[in-house]
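So the structure is just underneath, and the comments pick up after that.
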Amino acid sequence: QAEALMRAEQLAAVGRISAQIVHEVRNPLSSIGLNVELLQDAVDGARFDSQDTATEAKELLSAVTHEVDRLTDVTEQYLRMARPARPDLEPEDIIAVLDGVLDFTREELVRANVEVVRAFAPDTPRVLADQGQLRQVFLNLLRNSREAMPTGGTLTVATTLLDGDGDVEVTVRDTGNGMTEEARRHLFEPFFTTKEGGTGLGLAVSQQILQAHGGSLSCQSIPGQGTTFVLRLPRA
Ligand code: ADP
Ligand code: MG
């Protein structure tokens, strides 16, 4: 009977998530359909005013491309979450991984007026991790922080060795908008987003990755002051 109950719960979860996917896919699809229809009309009328038509067609096409990109993004991230790849665990130098991601995002952070502070413990040991998946997590966190600081601010990335043979902790702190109580309750749920054009999958995927590593991802945030994400990873 317990098994039947679990099965029922799983089915309910599948139904809920399917409904969310349909919701995510339907709006951009109908927008694509509408734009293509307008494009067809514009092309049909091309004989009369070809310059205006070309301009209009370009705008419509760029709207279509934008929606298609978003759909691709949502479906790919969703698949990653629904069928997570088992992490390929190796001893990794987490500072090197962090430096790599910070280098990769340096330009966008500079452009966004974000100052980066690196506070790495010098004796940070190696962690057991899948480097690609870890990069993905940090990239998600850094992007979220940048988006939370629309007029710039400070991003602090720190590593700490927890007592004894303990885990390694990484904190990513920003001086951004922070989040409401409501957002804090839901932020790890798939599709929860407060951003126009957000997918709401970044943190759901990230938390799942950390859990598959035997680690964890948690968050503290104060509205108007900023947000700190705390990652824990087992040392190698
Ligand atoms: P997305 O970025 O597509 O919205 P995420 O899963 O990455 O999806 O984040 C979910 C939500 O959590 C965001 O929409 C935002 O409301 C909140 N959030 C995440 N990171 C931060 C942060 N650093 N500061 C403030 N809010 C955040
Ligand atoms: Mg995000």
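So you can find residues: chains in the structure tokens are A, B, ... in the order shown, residues in each start at 1, and ligands are numbered from 1 in order.
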Report task. Write out as a list in words all residues of stretch 173-217 of chain A that backbone DSSP assigns to strand (DSSP E). Result ->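 Filtering stretch 173-217 of chain A down to strand (DSSP E) leaves Arg173, Asp174, Ser216 and Leu217 of chain A.
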Write a file of the just-selected residues containing N, CA and C atoms, as a CSV table (one decimal), in the first residue's frame.
chain,number,residue,atom,x,y,z
A,173,ARG,N,28.3,35.6,-2.6
A,173,ARG,CA,27.5,36.7,-2.0
A,173,ARG,C,27.4,37.9,-2.9
A,174,ASP,N,26.2,38.4,-3.0
A,174,ASP,CA,26.1,39.7,-3.8
A,174,ASP,C,25.4,40.8,-2.9
A,216,SER,N,25.4,20.1,-0.8
A,216,SER,CA,24.1,20.8,-0.6
A,216,SER,C,24.3,22.2,-1.2
A,217,LEU,N,23.1,22.9,-1.4
A,217,LEU,CA,23.1,24.3,-1.8
A,217,LEU,C,22.0,24.9,-1.0
Query raised in the report: ligand 2: which residues are within 8 Å, counting only C-alpha atoms and all ligand atoms, as a list of chain:residue names?
Result: A:Asn140, A:Leu141, A:Arg143, A:Asn144, A:Gly198, A:Thr199, A:Gly200, A:Leu201, A:Gly202, A:Leu203
Closest atom pairs, residues of chain A within 10 Å of ligand 1, only C-alpha atoms and all ligand atoms, as CSV:
residue,atom,partner,partner_atom_place_in_ligand_line,distance
A:Val74,CA,ligand 1,3 (O),9.2
A:Val137,CA,ligand 1,7 (O),9.8
A:Leu139,CA,ligand 1,7 (O),9.9
A:Asn140,CA,ligand 1,7 (O),6.1
A:Leu141,CA,ligand 1,20 (N),6.6
A:Leu142,CA,ligand 1,23 (N),7.7
A:Arg143,CA,ligand 1,2 (O),7.6
A:Asn144,CA,ligand 1,20 (N),4.5
A:Ser145,CA,ligand 1,23 (N),3.9
A:Arg146,CA,ligand 1,23 (N),7.4
A:Glu147,CA,ligand 1,22 (C),7.3
A:Ala148,CA,ligand 1,24 (N),4.7
A:Met149,CA,ligand 1,24 (N),7.9
A:Leu155,CA,ligand 1,23 (N),9.7
A:Val172,CA,ligand 1,23 (N),8.5
A:Arg173,CA,ligand 1,23 (N),7.5
A:Asp174,CA,ligand 1,23 (N),6.3
A:Thr175,CA,ligand 1,24 (N),8.4
A:Gly176,CA,ligand 1,24 (N),6.0
A:Asn177,CA,ligand 1,25 (C),5.7
A:Gly178,CA,ligand 1,25 (C),4.3
A:Met179,CA,ligand 1,26 (N),5.0
A:Thr180,CA,ligand 1,16 (O),8.3
A:Glu182,CA,ligand 1,16 (O),9.3
A:Ala183,CA,ligand 1,16 (O),5.7
A:Arg184,CA,ligand 1,12 (O),7.3
A:Arg185,CA,ligand 1,12 (O),9.6
A:His186,CA,ligand 1,12 (O),7.7
A:Leu187,CA,ligand 1,12 (O),4.5
A:Phe188,CA,ligand 1,6 (O),6.2
A:Glu189,CA,ligand 1,6 (O),7.4
A:Pro190,CA,ligand 1,6 (O),7.0
A:Phe191,CA,ligand 1,8 (O),7.1
A:Phe192,CA,ligand 1,10 (C),5.5
A:Thr193,CA,ligand 1,14 (O),3.4
A:Thr194,CA,ligand 1,14 (O),4.0
A:Lys195,CA,ligand 1,14 (O),5.0
A:Glu196,CA,ligand 1,4 (O),8.0
A:Gly197,CA,ligand 1,3 (O),7.3
A:Gly198,CA,ligand 1,3 (O),3.5
A:Thr199,CA,ligand 1,3 (O),3.8
A:Gly200,CA,ligand 1,8 (O),3.2
A:Leu201,CA,ligand 1,6 (O),4.3
A:Gly202,CA,ligand 1,7 (O),3.8
A:Leu203,CA,ligand 1,6 (O),3.7
A:Ala204,CA,ligand 1,6 (O),5.7
A:Val205,CA,ligand 1,6 (O),7.7
A:Ser206,CA,ligand 1,6 (O),8.2
A:Gln207,CA,ligand 1,6 (O),9.5
A:Cys219,CA,ligand 1,20 (N),8.7
A:Gln220,CA,ligand 1,22 (C),9.5
A:Ser221,CA,ligand 1,24 (N),7.5
A:Ile222,CA,ligand 1,25 (C),9.0
A:Pro223,CA,ligand 1,25 (C),8.3
A:Gly224,CA,ligand 1,25 (C),9.4
A:Gln225,CA,ligand 1,24 (N),9.5
A:Gly226,CA,ligand 1,24 (N),6.4
A:Thr227,CA,ligand 1,24 (N),5.3
A:Thr228,CA,ligand 1,23 (N),7.0
A:Phe229,CA,ligand 1,23 (N),7.6
Query - Neighbour list for stretch 111-122 of chain A as number ranges by chain, cut-off 7 Å, only C-alpha atoms, skip fewer than 2 positions in-chain - result: A: 107-109, 124, 151-160
Residues as selected, C-alpha atoms, written as a CSV table (one decimal), in the first residue's frame, can you do that?
chain,number,residue,atom,x,y,z
A,107,GLU,CA,33.5,40.9,-19.3
A,108,GLU,CA,29.8,40.7,-18.5
A,109,LEU,CA,30.5,41.5,-14.8
A,124,THR,CA,41.4,24.7,0.4
A,151,THR,CA,23.1,49.1,-11.1
A,152,GLY,CA,26.2,47.2,-10.0
A,153,GLY,CA,27.6,46.1,-6.7
A,154,THR,CA,30.0,43.6,-5.1
A,155,LEU,CA,30.2,39.9,-5.7
A,156,THR,CA,32.2,38.0,-3.1
A,157,VAL,CA,33.3,34.4,-3.8
A,158,ALA,CA,34.8,32.7,-0.8
A,159,THR,CA,36.0,29.2,0.1
A,160,THR,CA,36.2,27.8,3.7
Requested in this report: Rank A:Leu231, A:Leu71, A:Ile17, A:Leu5 by their smallest atom-to-atom distance to A:Ile32, using only C-alpha atoms, and report the top residue only.
Outcome: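 Answer, going by the shortest atom-to-atom distance: A:Leu71.
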